[in-house]
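Below is one structure, written out as structure tokens; comments come after it.
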Amino acid sequence: MPHAPPLGALLRQYSAGSALACDPVDQGLLNRGYRLRTTRGRYFLKHHFDPETAAPEAIARQHRATQRLADLGVPVAPPLPARDGRTVAVVGGHAYALHPWIDGRHRHGAQLTTAQCERLGSLLGVVHASLERVMPTHARVGTEPGRERGGRTDAGADPVRTLDLIDDLLARVRRHRPADSFDELARHRLLERRALLEQHVGRRPPRGAPAGWVHGDFHPFNLLYRGDAPAAIVDWDRLGVQPRAEEAVRAAAIFFVRPPGPLDLPKVRAYARAYRRTAGATPSELAAAVHRVWWERLNDFWMLRWHYERGDTRADPQFPAASALVVWWTREYDAVCDAFVD
């Protein structure tokens, strides 16, 4: 097994028995996860590998938050304490956490009924409202460097820098040999995006909405369903302070995107109504969030940067729909906004 975790040293810190089987879980892009079976049961073993989120004190903060959320009845899977009471085990300089194994499956928006879309929006609203109750208010300033200042967000991405990035990525595409179909699509989308950005350069959003505590990465692979009901929200690595309504819009753009690129707007409307009701968010907050996330998508090329700068192709399957979405969203801007605020 590549990157095999040090099971002997880890399990000695827990009352979890001896390892019988340990298999990698493939969905994570940032950290490593394993399905672990021992003489005492089944577990999810998480190796906190991403350097941006792997500091033990940051992991412990996530763990305290999920335990408090669980106490409020939010469906989460808090970590198990080791024999010394800690929830972060450090072995060989690497941080690990042991969670109960949650039986369930992931569901995308196409697999959800209208009622389930409403339940999804309500769930995210409950998460945001509950985080307001359990997280310290004094920690809000400066928890997301470069993203949040004094409780409000910075202005949106600088289009001048984005245009420079597009030129750099186009040069990388040209140099890639042998050229393939991904290169062809990347070149098409980069040229298309440059034209769109030049057309809409004057729509950069100002410094924006008040920020609050959010999950930070709410999408289908971080939500497990058991039957028709959500069983657990997982992967709290991006827990932080950001505009809450933006997380609601960003999540919808992932859950409800269709393979050709458009959003399923009737489902978005059901989800957004439930979110606004549960979170107490106003239509104007959602409208501002739609604009900021649209601008974020217009200027964002993280999938291409992974592919061409890092040589990391794990996000490649997401690129066709994600890159088509921003083109469709620009064309249907008013309809998208109406779906979130109506």
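In the structure tokens, each chain is lettered A, B, ... as it comes, each chain's residues begin at 1, and ligands are numbered from 1 in order of appearance.
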Checklist entry - Hey, what does DSSP flag as helix (DSSP H, G or I) within region 153-310 of chain A? Can you give it to me as JSON, numbers by chain? => result {"A": [159, 160, 161, 162, 163, 164, 165, 166, 167, 168, 169, 170, 171, 172, 173, 174, 175, 181, 182, 183, 184, 185, 186, 187, 188, 189, 190, 191, 192, 193, 194, 195, 196, 197, 198, 199, 201, 202, 203, 220, 221, 222, 244, 245, 246, 247, 248, 249, 250, 251, 252, 253, 254, 255, 265, 266, 267, 268, 269, 270, 271, 272, 273, 274, 275, 276, 277, 278, 279, 283, 284, 285, 286, 287, 288, 289, 290, 291, 292, 293, 294, 295, 296, 297, 298, 299, 302, 303, 304, 305, 306, 307, 308, 309, 310]}
Item to check | Using only C-alpha atoms: which of A:Asp312, A:Glu246, A:Asp26, A:Asp50 has the shortest distance to Gly212 (chain A) | outcome: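 Among the listed residues, A:Glu246 lies closest to Gly212 (chain A).
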Next on the checklist: Taking only region 56-199 of chain A into account, list the residues labelled strand (DSSP E) by DSSP (computed from the backbone), as JSON, numbers by chain.
Outcome noted: {"A": [89, 90, 91, 94, 95, 96, 97, 98, 99, 100, 148, 149, 152, 153]}
Take the residues from that selection and write them out as a PDB file, in the first residue's frame, keeping N, CA, C and O atoms.
ATOM      1  N   ALA A  89      -3.153  12.222  17.019  1.00  0.00           N
ATOM      2  CA  ALA A  89      -2.000  11.370  17.285  1.00  0.00           C
ATOM      3  C   ALA A  89      -0.889  11.744  16.313  1.00  0.00           C
ATOM      4  O   ALA A  89      -1.093  11.732  15.095  1.00  0.00           O
ATOM      5  N   VAL A  90       0.280  12.095  16.832  1.00  0.00           N
ATOM      6  CA  VAL A  90       1.423  12.463  15.996  1.00  0.00           C
ATOM      7  C   VAL A  90       2.438  11.333  16.047  1.00  0.00           C
ATOM      8  O   VAL A  90       2.936  10.971  17.119  1.00  0.00           O
ATOM      9  N   VAL A  91       2.724  10.754  14.881  1.00  0.00           N
ATOM     10  CA  VAL A  91       3.694   9.666  14.766  1.00  0.00           C
ATOM     11  C   VAL A  91       4.658  10.015  13.638  1.00  0.00           C
ATOM     12  O   VAL A  91       4.223  10.273  12.508  1.00  0.00           O
ATOM     13  N   HIS A  94       3.933  13.137  11.626  1.00  0.00           N
ATOM     14  CA  HIS A  94       2.687  13.213  10.880  1.00  0.00           C
ATOM     15  C   HIS A  94       1.494  13.117  11.832  1.00  0.00           C
ATOM     16  O   HIS A  94       1.542  12.374  12.827  1.00  0.00           O
ATOM     17  N   ALA A  95       0.435  13.861  11.513  1.00  0.00           N
ATOM     18  CA  ALA A  95      -0.744  13.920  12.373  1.00  0.00           C
ATOM     19  C   ALA A  95      -1.835  12.999  11.837  1.00  0.00           C
ATOM     20  O   ALA A  95      -2.141  12.994  10.633  1.00  0.00           O
ATOM     21  N   TYR A  96      -2.441  12.248  12.739  1.00  0.00           N
ATOM     22  CA  TYR A  96      -3.504  11.312  12.400  1.00  0.00           C
ATOM     23  C   TYR A  96      -4.677  11.503  13.361  1.00  0.00           C
ATOM     24  O   TYR A  96      -4.510  11.996  14.489  1.00  0.00           O
ATOM     25  N   ALA A  97      -5.856  11.079  12.900  1.00  0.00           N
ATOM     26  CA  ALA A  97      -7.032  11.053  13.763  1.00  0.00           C
ATOM     27  C   ALA A  97      -7.849   9.815  13.424  1.00  0.00           C
ATOM     28  O   ALA A  97      -7.916   9.401  12.259  1.00  0.00           O
ATOM     29  N   LEU A  98      -8.465   9.237  14.453  1.00  0.00           N
ATOM     30  CA  LEU A  98      -9.278   8.031  14.285  1.00  0.00           C
ATOM     31  C   LEU A  98     -10.743   8.388  14.517  1.00  0.00           C
ATOM     32  O   LEU A  98     -11.090   8.957  15.556  1.00  0.00           O
ATOM     33  N   HIS A  99     -11.573   8.066  13.532  1.00  0.00           N
ATOM     34  CA  HIS A  99     -13.003   8.371  13.593  1.00  0.00           C
ATOM     35  C   HIS A  99     -13.799   7.076  13.516  1.00  0.00           C
ATOM     36  O   HIS A  99     -13.332   6.077  12.943  1.00  0.00           O
ATOM     37  N   PRO A 100     -15.023   7.080  14.028  1.00  0.00           N
ATOM     38  CA  PRO A 100     -15.877   5.908  13.787  1.00  0.00           C
ATOM     39  C   PRO A 100     -16.177   5.787  12.295  1.00  0.00           C
ATOM     40  O   PRO A 100     -16.265   6.794  11.584  1.00  0.00           O
ATOM     41  N   GLU A 148      -9.944  37.550   4.712  1.00  0.00           N
ATOM     42  CA  GLU A 148     -10.856  38.248   5.590  1.00  0.00           C
ATOM     43  C   GLU A 148     -10.068  39.262   6.403  1.00  0.00           C
ATOM     44  O   GLU A 148      -8.984  38.999   6.870  1.00  0.00           O
ATOM     45  N   ARG A 149     -10.601  40.478   6.521  1.00  0.00           N
ATOM     46  CA  ARG A 149      -9.953  41.524   7.292  1.00  0.00           C
ATOM     47  C   ARG A 149     -11.003  42.179   8.178  1.00  0.00           C
ATOM     48  O   ARG A 149     -11.967  42.760   7.688  1.00  0.00           O
ATOM     49  N   ARG A 152     -14.746  41.357   7.493  1.00  0.00           N
ATOM     50  CA  ARG A 152     -15.343  41.526   6.175  1.00  0.00           C
ATOM     51  C   ARG A 152     -14.370  41.022   5.117  1.00  0.00           C
ATOM     52  O   ARG A 152     -13.163  41.039   5.301  1.00  0.00           O
ATOM     53  N   THR A 153     -14.896  40.597   3.980  1.00  0.00           N
ATOM     54  CA  THR A 153     -14.046  40.009   2.952  1.00  0.00           C
ATOM     55  C   THR A 153     -13.330  41.075   2.144  1.00  0.00           C
ATOM     56  O   THR A 153     -13.794  42.201   1.997  1.00  0.00           O
TER      57      THR A 153
END
Next on the checklist: Just want the 12 Å neighbourhood of Val160 (chain A), counted on only C-alpha atoms, with same-chain residues fewer than 6 positions away dropped. Output as a PyMOL selection string.
Outcome noted: chain A and resi 166-167+194+197-198+201-202+204+299
Item to check | d(CA of Pro243 (chain A), CA of Glu285 (chain A)) in Å | outcome: 9.4 Å
Item to check | Residue neighbourhood region 6-11 of chain A, 12 Å, only C-alpha atoms, exclusion window fewer than 5 positions, as a ChimeraX atom specification | outcome: /A:1,16-23,34,36-40,43,45-47,80-83,87-98
Item to check | Pro262 (chain A) surroundings by only C-alpha atoms, 7 Å radius, close-in-sequence under 4 positions cut, as a list in words | outcome: Val257, Arg258, Leu325 and Trp328 of chain A
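Nearest residue to Glu118 (chain A) among A:Ala270, A:Ala321, A:Cys337, A:Leu286 is A:Ala270, counting only C-alpha atoms.
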Checklist outcome for this item: CA of Ala322 (chain A) to CA of Leu263 (chain A) measures 10.6 Å
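Closest approach to Leu223 (chain A) among A:Ala251, A:Thr137, A:Gly85, A:Val241: A:Ala251, based on only C-alpha atoms.
If only C-alpha atoms are the atoms counted, then among A:Ala253, A:Ala54, A:Ala70, A:Leu112 the closest residue to His219 (chain A) is A:Ala253.
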Next on the checklist: Please list as a ChimeraX atom specification every residue within 9 Å of Phe319 (chain A), counting only C-alpha atoms and excluding residues in the same chain fewer than 5 positions away.
Outcome noted: /A:186,303-304,324
Item to check | Pick from A:His108, A:His188, A:Arg12, A:Arg203 nearest to Ala252 (chain A), counting only C-alpha atoms | outcome: A:His108
Item to check | Close residues, region 226-238 of chain A itself excluded, 10 Å, only C-alpha atoms, min 2 positions apart in chain, as a PyMOL selection string | outcome: chain A and resi 28+30-31+46+48+50+52-54+58-59+61-63+65-66+70+74-78+102-107+112-113+116+119-120+123-124+127+144+214-224+240-241
Written file, previous selection with C-alpha atoms, as a CSV table (one decimal), in the first residue's frame:
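Produced file again-v9.csv, reproduced below:
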chain,number,residue,atom,x,y,z
A,28,GLY,CA,-9.8,13.0,-0.8
A,30,LEU,CA,-5.9,17.1,0.2
A,31,ASN,CA,-5.5,14.4,2.9
A,46,LYS,CA,-7.3,10.1,8.6
A,48,HIS,CA,-3.7,15.0,7.9
A,50,ASP,CA,-2.0,18.9,3.5
A,52,GLU,CA,-2.1,24.2,5.0
A,53,THR,CA,-4.3,22.3,7.5
A,54,ALA,CA,-2.1,19.7,9.2
A,58,ALA,CA,-5.7,23.5,13.9
A,59,ILE,CA,-6.8,19.8,13.8
A,61,ARG,CA,-9.8,23.0,16.9
A,62,GLN,CA,-11.7,21.2,14.2
A,63,HIS,CA,-12.2,18.2,16.5
A,65,ALA,CA,-16.0,22.1,16.9
A,66,THR,CA,-17.4,18.8,15.5
A,70,ALA,CA,-22.6,16.6,17.6
A,74,VAL,CA,-25.7,18.1,13.8
A,75,PRO,CA,-24.8,14.9,11.8
A,76,VAL,CA,-21.0,14.7,12.1
A,77,ALA,CA,-18.4,12.1,13.1
A,78,PRO,CA,-16.3,13.4,15.9
A,102,ILE,CA,-19.9,5.8,9.0
A,103,ASP,CA,-21.8,3.5,6.6
A,104,GLY,CA,-23.2,5.7,3.8
A,105,ARG,CA,-22.8,6.9,0.3
A,106,HIS,CA,-22.3,10.2,-1.4
A,107,ARG,CA,-25.1,11.8,-3.4
A,112,LEU,CA,-31.8,14.3,-4.9
A,113,THR,CA,-35.5,14.9,-5.0
A,116,GLN,CA,-34.1,16.3,-0.4
A,119,ARG,CA,-33.3,19.3,3.4
A,120,LEU,CA,-29.7,19.9,2.1
A,123,LEU,CA,-28.7,21.3,6.8
A,124,LEU,CA,-26.2,23.8,5.7
A,127,VAL,CA,-24.4,24.1,10.3
A,144,GLU,CA,-8.3,33.4,6.9
A,214,VAL,CA,-18.2,27.9,7.9
A,215,HIS,CA,-17.4,24.3,7.1
A,216,GLY,CA,-15.2,25.6,4.2
A,217,ASP,CA,-15.5,22.7,1.8
A,218,PHE,CA,-19.2,21.6,1.7
A,219,HIS,CA,-19.7,19.4,-1.3
A,220,PRO,CA,-21.0,15.9,-2.2
A,221,PHE,CA,-17.9,14.0,-1.3
A,222,ASN,CA,-17.9,15.6,2.2
A,223,LEU,CA,-21.5,14.5,3.0
A,224,LEU,CA,-22.6,10.9,3.6
A,240,GLY,CA,-12.7,28.9,9.1
A,241,VAL,CA,-14.2,32.4,8.9
